[in-house]
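Written below as structure tokens is the structure these notes are about.
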Amino acid sequence: MKLYKADIEMDLRTRNMAGFQLLDIQDYPGQGSAFVGILDAFMESKGITTPEEWRQWCSPVVPLLEVEKFCFEDGEKIQAKVKVANYGGSSLKGKKLKWRLAEDEGVLNIFSYDEGLVDVGELNGVFHVQKPTKLLLTLNIEGTEARNSYELWVYPKKALEKKGVIIARDLNQEVVKVLEKGGKVLWMPTASSHFVAADDKALQSDNSVLQSDNATPYTVGGLFQTDYWNYRMFKTICENNKKKVSPGTLGILTNPEHPIFKGFPTEMHTNWQWFPVIKESHPLVLDNFAKDYRPIVQVIDNIERNHKLGLVMEWKVGAGKLLVCMSDLEKAAKYPEGKAFYQSVIDYMRSADFNPSAEITVDELKKKLAEEPRKITMKELNNISQY
């Protein structure tokens, strides 16, 4: 729903745009299986939204917030424009648009007679928080059903504090010694040439790279937005046109109550504060690990391939504790939300909460990482389906 909202609001913010069309609002069983609808194939709710929520951004009259970003640091200014997409057939002149953000609220007067995209005013202010906080900004036009809402995240402004944890790029002998002595290691494997992409063509390639001293994980690419329509069909189209194939993933699944998120408010699913972390990621294929093993942050694969994928995982390794993050948090930390996640991971690892229940030896870990995942064979699925 986050991406549908973003796409539709982008259309509504575009002046002189004649309109937009959704090809369908239900899951589509024609060109493969495309589970992209807000309703299922029987036009019934899938539980991902409600009619009231959907009408916030897909109605004849929609209040809009135009802002550069959704994530901020303490002391940072917000400068946002408030607009209304008015296609309701009548003027809104004289109406009042009420806004509310945490304990603050205000009113903006609508002076325009116009229909179409109407400029209403600006919101300017400075954020002040003591801890990582998720806020909800609401907009509603008084006396009407027109309303909308936006999630914002604000984090304390402070330098990263990494003491007490060894941060490694390679699982080499020095890192192994740290684990053997009971140390805490954050392993962020670098996405480089010795990583093997876990698709059906890559698995047919020369695997001599697996003889390296370091583990050579099988991974897929990082993708923030969900893969749209049908992975196999668009994979076929890309390959036939010699274009890069999408990583094909469908967001994340996690437990918001896990202590690793004490400094990083989250839901069980992807939201905008995850953007830099996922953008810099290369999820790990966990097919060969124990069937009952669950990563802290799991990446959902498409149904055509259906690998078990991990973004954040943890194990007891000998006397030590290992947390594996398949995102380059040094790069993600350029953004407030990326830095907040990085710090939240470190704080978790330094706390008594960091006590992995799953155990593995270094040799077992390297062996599992080097094993080929189960092979996936996908037939071509062209744009014109036989069904």
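Chain lettering (A, B, ...) mirrors the order of the structure tokens, residue numbering begins at 1 for each chain separately, and ligand numbering begins at 1 in order of display.
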
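Every residue of stretch 38-236 of chain A found in alpha helix (DSSP H) when DSSP is run on the backbone appears here: A:Pro51, A:Glu52, A:Glu53, A:Trp54, A:Arg55, A:Gln56, A:Trp57, A:Gln173, A:Glu174, A:Val175, A:Val176, A:Lys177, A:Val178, A:Leu179, A:Glu180, A:Tyr231, A:Arg232, A:Met233, A:Phe234, A:Lys235, A:Thr236.
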
Checklist outcome for this item: If you count only C-alpha atoms, the residue of A:Tyr342, A:Trp187, A:Tyr218, A:Trp229 closest to A:Phe264 turns out to be A:Tyr342

Could I get the residues of stretch 288-348 of chain A with an atom no further than 8 Å from an atom of stretch 143-163 of chain A, each paired with its nearest atom pair and that distance in Å to one decimal, using only C-alpha atoms, sorted by chain and residue number, as a tab-separated table?
```
residue	atom	partner	partner_atom	distance
A:Pro336	CA	A:Tyr155	CA	6.9
A:Glu337	CA	A:Tyr155	CA	7.4
A:Lys339	CA	A:Leu160	CA	7.2
A:Ala340	CA	A:Tyr155	CA	6.8
A:Tyr342	CA	A:Leu160	CA	8.0
A:Gln343	CA	A:Leu160	CA	6.2
A:Ile346	CA	A:Lys162	CA	6.4
```

Next on the checklist: I want to know what sits within 10 Å of A:Met17, based on only C-alpha atoms, with residues of the same chain fewer than 6 positions away left out; could you give that as a PyMOL selection string?
Outcome noted: chain A and resi 11+116-117

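We find atom CA of A:Tyr87 and atom CA of A:Gln56 to be spaced 13.9 Å apart.
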
Next on the checklist: Which residues are close to A:Thr249, i.e. within 8 Å by only C-alpha atoms, leaving aside same-chain residues fewer than 6 positions away? Reply as a PyMOL selection string.
Outcome noted: chain A and resi 222-223+226-227+299-302

Item to check | Those in stretch 191-316 of chain A with strand (DSSP E) from DSSP, as an NGL selection string | outcome: :A and (196-197 or 218-219 or 249-254 or 284-285 or 297-301 or 309-316)

Next, dump the selected residues to file, keeping only C-alpha atoms, as a PDB file, in the first residue's frame.
```pdb
ATOM      1  CA  VAL A 196      27.241 -15.759  -6.235  1.00  0.00           C
ATOM      2  CA  ALA A 197      23.848 -14.554  -7.360  1.00  0.00           C
ATOM      3  CA  TYR A 218      24.770 -17.093  -2.329  1.00  0.00           C
ATOM      4  CA  THR A 219      22.718 -13.908  -2.366  1.00  0.00           C
ATOM      5  CA  THR A 249      11.906  -9.756  -3.743  1.00  0.00           C
ATOM      6  CA  LEU A 250       8.720  -8.677  -1.959  1.00  0.00           C
ATOM      7  CA  GLY A 251       9.705  -6.717   1.147  1.00  0.00           C
ATOM      8  CA  ILE A 252      10.631  -7.816   4.666  1.00  0.00           C
ATOM      9  CA  LEU A 253       9.054  -9.724   7.525  1.00  0.00           C
ATOM     10  CA  THR A 254      10.171  -9.099  11.087  1.00  0.00           C
ATOM     11  CA  LEU A 284      21.477 -14.179   1.989  1.00  0.00           C
ATOM     12  CA  VAL A 285      19.963 -17.424   0.679  1.00  0.00           C
ATOM     13  CA  VAL A 297      14.798  -9.800   9.455  1.00  0.00           C
ATOM     14  CA  GLN A 298      13.581 -12.079   6.688  1.00  0.00           C
ATOM     15  CA  VAL A 299      13.257 -10.981   3.063  1.00  0.00           C
ATOM     16  CA  ILE A 300      10.196 -12.340   1.267  1.00  0.00           C
ATOM     17  CA  ASP A 301      10.969 -13.963  -2.066  1.00  0.00           C
ATOM     18  CA  LEU A 309      16.224 -15.091   2.454  1.00  0.00           C
ATOM     19  CA  GLY A 310      17.812 -13.317   5.399  1.00  0.00           C
ATOM     20  CA  LEU A 311      18.804  -9.690   5.894  1.00  0.00           C
ATOM     21  CA  VAL A 312      19.757  -9.912   9.603  1.00  0.00           C
ATOM     22  CA  MET A 313      20.673 -13.196  11.349  1.00  0.00           C
ATOM     23  CA  GLU A 314      22.341 -14.279  14.586  1.00  0.00           C
ATOM     24  CA  TRP A 315      24.041 -17.396  15.958  1.00  0.00           C
ATOM     25  CA  LYS A 316      26.078 -18.528  18.933  1.00  0.00           C
TER      26      LYS A 316
END
```

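Nearest residue to A:Ser357 among A:Glu330, A:Glu380, A:Glu257, A:Asp292 is A:Asp292, counting only C-alpha atoms.
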
Item to check | Selection: 8 Å around stretch 4-9 of chain A, only C-alpha atoms, excl. self and same-chain fewer than 2 positions, as an NGL selection string | outcome: :A and (1-2 or 11-13 or 20 or 57-58 or 64)

Checklist entry - How many Å lie between atom CA of A:Asn172 and atom CA of A:Asp328, rounded to one decimal? => result 18.1 Å

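Residues with any atom within 9 Å of A:Asn86, counting only C-alpha atoms and excluding same-chain neighbours fewer than 6 positions away, are Pro60, Val61, Val62, Pro63, Leu92, Asp114, Glu115, Gly116, Leu117 and Val118 of chain A.
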
Restricting the output to C-alpha atoms, write the selected residues as a PDB file, in the first residue's frame.
```
ATOM      1  CA  PRO A  60     -12.043  13.077  -6.032  1.00  0.00           C
ATOM      2  CA  VAL A  61     -10.537  15.359  -3.336  1.00  0.00           C
ATOM      3  CA  VAL A  62      -7.183  14.464  -1.749  1.00  0.00           C
ATOM      4  CA  PRO A  63      -5.103  16.598   0.679  1.00  0.00           C
ATOM      5  CA  LEU A  92     -13.080  24.541  -1.961  1.00  0.00           C
ATOM      6  CA  ASP A 114      -9.736  26.471  -8.778  1.00  0.00           C
ATOM      7  CA  GLU A 115     -10.169  22.820  -9.427  1.00  0.00           C
ATOM      8  CA  GLY A 116      -7.164  20.630 -10.181  1.00  0.00           C
ATOM      9  CA  LEU A 117      -4.032  20.958  -8.052  1.00  0.00           C
ATOM     10  CA  VAL A 118      -4.533  23.706  -5.451  1.00  0.00           C
TER      11      VAL A 118
END
```

Item to check | Shell of 12 Å around stretch 322-324 of chain A, only C-alpha atoms, local chain residues under 6 positions omitted, as a VMD selection string | outcome: chain A and resid 165 to 171 175 to 176 178 to 180 182 to 190 217 260 281 to 284 295 to 297 310 to 316 345 to 346 348 to 350 354 to 362 365

Generate a file of the selected residues that holds N, CA and C atoms, formatted as a short mmCIF file (atom, residue, chain, number, x, y, z; two decimals), in the first residue's frame.
```cif
data_model
loop_
_atom_site.label_atom_id
_atom_site.label_comp_id
_atom_site.auth_asym_id
_atom_site.auth_seq_id
_atom_site.Cartn_x
_atom_site.Cartn_y
_atom_site.Cartn_z
N VAL A 165 31.97 -4.01 20.21
CA VAL A 165 31.61 -4.95 19.14
C VAL A 165 32.68 -4.93 18.07
N ILE A 166 33.10 -6.11 17.62
CA ILE A 166 34.03 -6.20 16.50
C ILE A 166 33.22 -6.20 15.20
N ILE A 167 33.56 -5.28 14.31
CA ILE A 167 32.86 -5.18 13.03
C ILE A 167 33.78 -5.71 11.94
N ALA A 168 33.30 -6.72 11.23
CA ALA A 168 34.15 -7.43 10.26
C ALA A 168 33.50 -7.44 8.89
N ARG A 169 34.36 -7.44 7.85
CA ARG A 169 33.90 -7.60 6.48
C ARG A 169 34.12 -9.03 5.99
N ASP A 170 35.10 -9.73 6.56
CA ASP A 170 35.41 -11.10 6.17
C ASP A 170 35.39 -12.00 7.40
N LEU A 171 34.99 -13.22 7.20
CA LEU A 171 34.99 -14.19 8.28
C LEU A 171 36.34 -14.91 8.26
N VAL A 175 38.85 -13.02 12.98
CA VAL A 175 37.47 -12.91 13.46
C VAL A 175 37.07 -14.19 14.18
N VAL A 176 37.48 -15.33 13.65
CA VAL A 176 37.18 -16.62 14.27
C VAL A 176 37.77 -16.67 15.68
N VAL A 178 38.29 -14.18 17.68
CA VAL A 178 37.47 -13.34 18.54
C VAL A 178 36.25 -14.11 19.04
N LEU A 179 35.62 -14.85 18.13
CA LEU A 179 34.45 -15.63 18.50
C LEU A 179 34.81 -16.75 19.48
N GLU A 180 35.94 -17.40 19.22
CA GLU A 180 36.38 -18.50 20.10
C GLU A 180 36.65 -18.01 21.52
N GLY A 182 34.93 -15.73 22.97
CA GLY A 182 33.69 -15.22 23.57
C GLY A 182 33.33 -13.81 23.15
N GLY A 183 33.93 -13.30 22.10
CA GLY A 183 33.65 -11.94 21.64
C GLY A 183 32.35 -11.82 20.87
N LYS A 184 31.96 -10.57 20.63
CA LYS A 184 30.76 -10.27 19.85
C LYS A 184 31.19 -9.70 18.50
N VAL A 185 30.69 -10.30 17.43
CA VAL A 185 31.10 -9.90 16.08
C VAL A 185 29.89 -9.53 15.25
N LEU A 186 29.96 -8.36 14.63
CA LEU A 186 29.00 -7.96 13.61
C LEU A 186 29.68 -8.17 12.26
N TRP A 187 29.17 -9.13 11.51
CA TRP A 187 29.75 -9.44 10.18
C TRP A 187 28.85 -8.84 9.11
N MET A 188 29.41 -7.91 8.34
CA MET A 188 28.72 -7.32 7.20
C MET A 188 29.48 -7.69 5.94
N PRO A 189 29.17 -8.84 5.35
CA PRO A 189 29.90 -9.27 4.16
C PRO A 189 29.78 -8.25 3.04
N THR A 190 30.89 -8.00 2.37
CA THR A 190 30.90 -7.07 1.25
C THR A 190 30.36 -7.75 0.01
N PRO A 217 28.94 -16.61 0.16
CA PRO A 217 27.49 -16.76 0.25
C PRO A 217 26.77 -16.60 -1.08
N ILE A 260 16.29 -5.72 19.02
CA ILE A 260 17.20 -5.07 18.07
C ILE A 260 16.60 -3.77 17.54
N SER A 281 21.59 -3.54 0.44
CA SER A 281 21.61 -4.94 0.90
C SER A 281 21.78 -5.94 -0.24
N HIS A 282 22.11 -7.16 0.14
CA HIS A 282 22.17 -8.32 -0.75
C HIS A 282 21.78 -9.53 0.08
N PRO A 283 20.47 -9.77 0.23
CA PRO A 283 19.97 -10.81 1.15
C PRO A 283 20.60 -12.17 0.90
N LEU A 284 20.81 -12.88 2.00
CA LEU A 284 21.48 -14.18 1.99
C LEU A 284 20.47 -15.30 1.78
N PRO A 295 15.51 -15.93 10.47
CA PRO A 295 16.34 -14.72 10.66
C PRO A 295 15.58 -13.65 11.42
N ILE A 296 16.31 -12.71 12.00
CA ILE A 296 15.67 -11.59 12.69
C ILE A 296 14.87 -10.76 11.69
N VAL A 297 15.49 -10.49 10.54
CA VAL A 297 14.80 -9.80 9.46
C VAL A 297 14.84 -10.72 8.24
N GLY A 310 17.57 -14.03 4.15
CA GLY A 310 17.81 -13.32 5.40
C GLY A 310 18.55 -12.01 5.18
N LEU A 311 18.10 -10.97 5.90
CA LEU A 311 18.80 -9.69 5.89
C LEU A 311 19.62 -9.52 7.18
N VAL A 312 19.05 -9.95 8.32
CA VAL A 312 19.76 -9.91 9.60
C VAL A 312 19.57 -11.26 10.30
N MET A 313 20.69 -11.88 10.72
CA MET A 313 20.67 -13.20 11.35
C MET A 313 21.63 -13.21 12.53
N GLU A 314 21.44 -14.16 13.45
CA GLU A 314 22.34 -14.28 14.59
C GLU A 314 22.51 -15.74 14.97
N TRP A 315 23.72 -16.06 15.47
CA TRP A 315 24.04 -17.40 15.96
C TRP A 315 25.01 -17.29 17.14
N LYS A 316 24.98 -18.30 18.01
CA LYS A 316 26.08 -18.53 18.93
C LYS A 316 27.13 -19.32 18.16
N VAL A 345 21.40 -1.71 16.09
CA VAL A 345 22.03 -3.03 16.00
C VAL A 345 23.18 -3.14 17.00
N ILE A 346 24.04 -2.12 17.03
CA ILE A 346 25.19 -2.12 17.94
C ILE A 346 24.72 -2.15 19.40
N TYR A 348 21.95 -3.26 20.60
CA TYR A 348 21.41 -4.59 20.89
C TYR A 348 22.53 -5.58 21.17
N MET A 349 23.58 -5.54 20.36
CA MET A 349 24.68 -6.48 20.52
C MET A 349 25.44 -6.26 21.82
N ARG A 350 25.44 -5.04 22.33
CA ARG A 350 26.14 -4.75 23.58
C ARG A 350 25.29 -5.07 24.81
N PHE A 354 21.22 -9.67 23.63
CA PHE A 354 21.90 -10.37 22.53
C PHE A 354 22.33 -11.75 23.03
N ASN A 355 21.45 -12.71 22.81
CA ASN A 355 21.69 -14.07 23.30
C ASN A 355 21.07 -15.05 22.31
N PRO A 356 21.72 -15.25 21.15
CA PRO A 356 21.13 -16.09 20.10
C PRO A 356 20.79 -17.49 20.61
N SER A 357 19.65 -17.99 20.18
CA SER A 357 19.23 -19.34 20.58
C SER A 357 19.79 -20.40 19.65
N ALA A 358 20.04 -20.04 18.40
CA ALA A 358 20.60 -21.00 17.43
C ALA A 358 22.11 -21.03 17.56
N GLU A 359 22.68 -22.23 17.45
CA GLU A 359 24.12 -22.40 17.54
C GLU A 359 24.68 -22.99 16.25
N ILE A 360 25.90 -22.61 15.92
CA ILE A 360 26.55 -23.15 14.73
C ILE A 360 28.06 -22.99 14.92
N THR A 361 28.83 -23.90 14.36
CA THR A 361 30.28 -23.76 14.39
C THR A 361 30.73 -22.98 13.17
N VAL A 362 31.95 -22.46 13.21
CA VAL A 362 32.48 -21.73 12.07
C VAL A 362 32.55 -22.63 10.84
N LEU A 365 29.10 -23.12 9.46
CA LEU A 365 28.63 -21.90 8.82
C LEU A 365 29.24 -21.74 7.44
#
```
